[in-house]
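Peer 1: Sharing query_22.txt, compact mmCIF, C-alpha atoms:
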# COMPACT_ATOMS: atom_id res chain seq x y z
CA TYR A 105 117.85 103.09 96.20
CA ASP A 106 115.30 104.21 93.64
CA THR A 107 114.17 107.12 95.81
CA ILE A 108 117.59 108.82 95.63
CA ARG A 109 118.65 107.83 92.13
CA THR A 110 117.97 111.15 90.40
CA ARG A 111 118.09 114.76 91.57
CA GLN A 112 114.38 115.16 90.86
CA LYS A 113 113.51 112.21 93.12
CA ARG A 114 115.87 113.43 95.86
CA ARG A 115 114.00 116.74 96.00
CA LYS A 116 110.70 115.12 96.97
CA MET A 117 110.13 115.18 100.68
CA LEU A 118 108.54 111.73 100.79
CA ASN A 119 111.64 110.22 99.19
CA GLN A 120 113.86 112.04 101.67
CA MET A 121 111.84 110.63 104.56
CA LEU A 122 111.92 107.13 103.08
CA PHE A 123 115.68 107.39 102.70
CA MET A 124 116.16 108.46 106.32
CA LEU A 125 113.81 105.72 107.51
CA SER A 126 115.89 103.19 105.57
CA VAL A 127 119.19 104.47 106.96
CA PHE A 128 118.06 104.16 110.57
CA ASP A 129 116.40 100.82 109.89
CA ILE A 130 119.70 99.50 108.52
CA PHE A 131 121.50 100.59 111.71
CA GLY A 132 119.01 98.73 113.86
CA SER A 133 118.93 95.66 111.62
CA ILE A 134 122.70 95.31 111.60
CA ALA A 135 122.72 95.59 115.40
CA TYR A 136 120.06 92.89 115.65
CA ALA A 137 122.00 90.69 113.20
CA PHE A 138 124.88 90.35 115.67
CA THR A 139 122.45 88.51 118.03
CA THR A 140 124.48 87.13 120.95
CA LEU A 141 127.96 87.94 119.56
CA PRO A 142 128.38 91.23 121.55
CA THR A 143 126.94 89.66 124.70
CA PRO A 144 129.47 89.34 127.54
CA GLN A 145 131.19 85.94 127.63
CA GLU A 146 130.46 85.55 131.32
CA ASP A 147 126.73 85.33 130.52
CA TYR A 148 127.33 81.81 129.09
CA LEU A 149 125.21 82.24 125.99
CA HIS A 150 126.00 80.39 122.78
CA GLY A 151 128.11 82.65 120.57
CA ALA A 152 128.79 85.26 123.25
CA LYS A 153 132.22 86.78 122.62
CA GLY A 154 131.76 90.35 123.80
CA ASN A 155 131.99 92.37 126.95
CA ASP A 156 129.94 95.04 128.70
CA LYS A 157 130.99 97.74 126.21
CA THR A 158 130.09 95.71 123.12
CA CYS A 159 126.75 94.89 124.72
CA LYS A 160 126.04 98.57 125.35
CA ALA A 161 127.08 99.43 121.78
CA GLN A 162 124.66 96.86 120.40
CA GLY A 163 121.87 98.18 122.62
CA PHE A 164 122.63 101.73 121.50
CA PHE A 165 122.42 100.86 117.80
CA ILE A 166 119.27 98.80 118.27
CA GLN A 167 117.75 101.88 119.90
CA ILE A 168 119.02 104.05 117.01
CA GLY A 169 117.05 101.70 114.76
CA THR A 170 113.83 102.78 116.47
CA ILE A 171 114.24 106.19 114.84
CA ALA A 172 112.85 104.42 111.76
CA CYS A 173 109.57 103.97 113.66
CA PHE A 174 109.48 107.68 114.47
CA MET A 175 110.22 108.51 110.82
CA ASN A 176 107.25 106.30 109.92
CA VAL A 177 105.07 108.60 112.03
CA SER A 178 106.36 111.55 109.99
CA ILE A 179 105.46 109.71 106.79
CA SER A 180 101.97 109.09 108.16
CA VAL A 181 101.56 112.80 108.94
CA TYR A 182 102.85 113.58 105.44
CA TYR A 183 100.13 111.38 103.92
CA LEU A 184 97.49 112.89 106.18
CA LEU A 185 98.43 116.40 105.08
CA THR A 186 98.67 115.54 101.37
CA ILE A 187 95.64 113.28 101.01
CA LYS A 188 93.14 114.64 103.50
CA TYR A 189 94.13 118.30 103.61
CA GLY A 190 95.48 118.69 100.07
CA TRP A 191 98.90 120.11 100.92
CA LYS A 192 101.34 120.26 98.02
CA ASP A 193 105.04 119.44 98.20
CA GLY A 194 106.00 123.12 98.14
CA ARG A 195 104.01 123.85 101.28
CA LEU A 196 105.28 120.69 102.95
CA LEU A 197 108.89 121.64 102.22
CA THR A 198 108.45 124.77 104.36
CA LYS A 199 107.63 122.46 107.29
CA ARG A 200 110.44 119.99 106.52
CA PRO A 201 112.35 120.44 109.80
CA TRP A 202 109.25 119.30 111.73
CA PHE A 203 109.23 116.04 109.79
CA PHE A 204 112.91 115.25 110.43
CA ILE A 205 114.22 116.90 113.59
CA PRO A 206 111.72 115.64 116.22
CA PRO A 207 111.95 111.94 115.24
CA ILE A 208 115.75 112.02 115.09
CA VAL A 209 116.16 114.02 118.31
CA VAL A 210 113.71 111.85 120.26
CA GLY A 211 115.38 108.68 119.02
CA LEU A 212 118.86 109.96 119.82
CA VAL A 213 117.78 111.08 123.29
CA PHE A 214 116.34 107.63 124.01
CA ALA A 215 119.47 105.95 122.67
CA PHE A 216 121.87 108.05 124.74
CA VAL A 217 119.77 108.07 127.92
CA GLY A 218 119.49 104.28 127.77
CA ILE A 219 123.24 103.61 127.65
CA PRO A 220 123.57 102.85 131.40
CA TYR A 221 120.66 100.39 131.18
CA TYR A 222 121.64 98.31 128.13
CA ASP A 223 122.30 94.76 129.28
CA ASN A 224 121.82 91.16 128.15
CA LEU A 225 118.32 90.17 126.99
CA TYR A 226 119.31 86.59 126.00
CA LEU A 227 119.17 87.19 122.23
CA TRP A 228 120.81 90.61 122.14
CA CYS A 229 121.80 93.41 124.47
Spit out the file's structure as structure tokens when you get a sec.

Peer 2:
Amino acid sequence: YDTIRTRQKRRKMLNQMLFMLSVFDIFGSIAYAFTTLPTPQEDYLHGAKGNDKTCKAQGFFIQIGTIACFMNVSISVYYLLTIKYGWKDGRLLTKRPWFFIPPIVVGLVFAFVGIPYYDNLYLWC
């Protein structure tokens, strides 16, 4: 919340990356929080009230949550460039698409490609 509170903080690339990491982490965490609820009832797990589609939806959003891991790689590269190589925020802003687009695209591709394979894993789909 503090990273997006003021316009000046929203302009910093690190804060933008932290915000995006948090958004995708929330998606994944909420999906994990449903535990066995979306699991198909015929799997006979405690709390299972879902069906195949709810199971696939949970698996999809858990996979969307992994985009946070890829955003963490972008943050690591950001620190490498700023600390070791002395890049300033202005120079980094010119490379901004490379910090956001690859992690999001890779995560979305994995999430969509995995849809046919999402199935019960005992605690979640």

Peer 1: Pick from A:Ala137, A:Leu212, A:Leu225, A:Leu196: nearest to Phe164 of chain A, with all atoms listed in the file counted?

Peer 2: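 Nearest candidate to Phe164 of chain A out of A:Ala137, A:Leu212, A:Leu225, A:Leu196: A:Leu212.
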
Peer 1: Closest to Tyr136 of chain A among A:Thr110, A:Thr198, A:Gln167, A:Gln120, using all atoms listed in the file?

Peer 2: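 Closest to Tyr136 of chain A, using all atoms listed in the file: A:Gln167.
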
Peer 1: Around the point (127.9, 89.5, 126.0) (coordinates from the file), which residues reach within 7 Å if we count all atoms listed in the file? Answer as a list in words.

Peer 2: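 Output: Thr140, Leu141, Pro142, Thr143, Pro144, Gln145, Asp147, Ala152, Lys153, Gly154, Asn155, Asp156, Cys159 and Asn224 of chain A.
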
Peer 1: What is the atom CA of Asn119 of chain A to atom CA of Thr186 of chain A distance in Å?

Peer 2: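 About the pair atom CA of Asn119 of chain A and atom CA of Thr186 of chain A: they are 14.2 Å apart.
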
Peer 1: For Tyr221 of chain A, which of A:Leu118, A:Val127, A:Cys173, A:Ala161 is the closest residue, counting all atoms listed in the file?

Peer 2: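 Using all atoms listed in the file, the shortest distance to Tyr221 of chain A belongs to A:Ala161.
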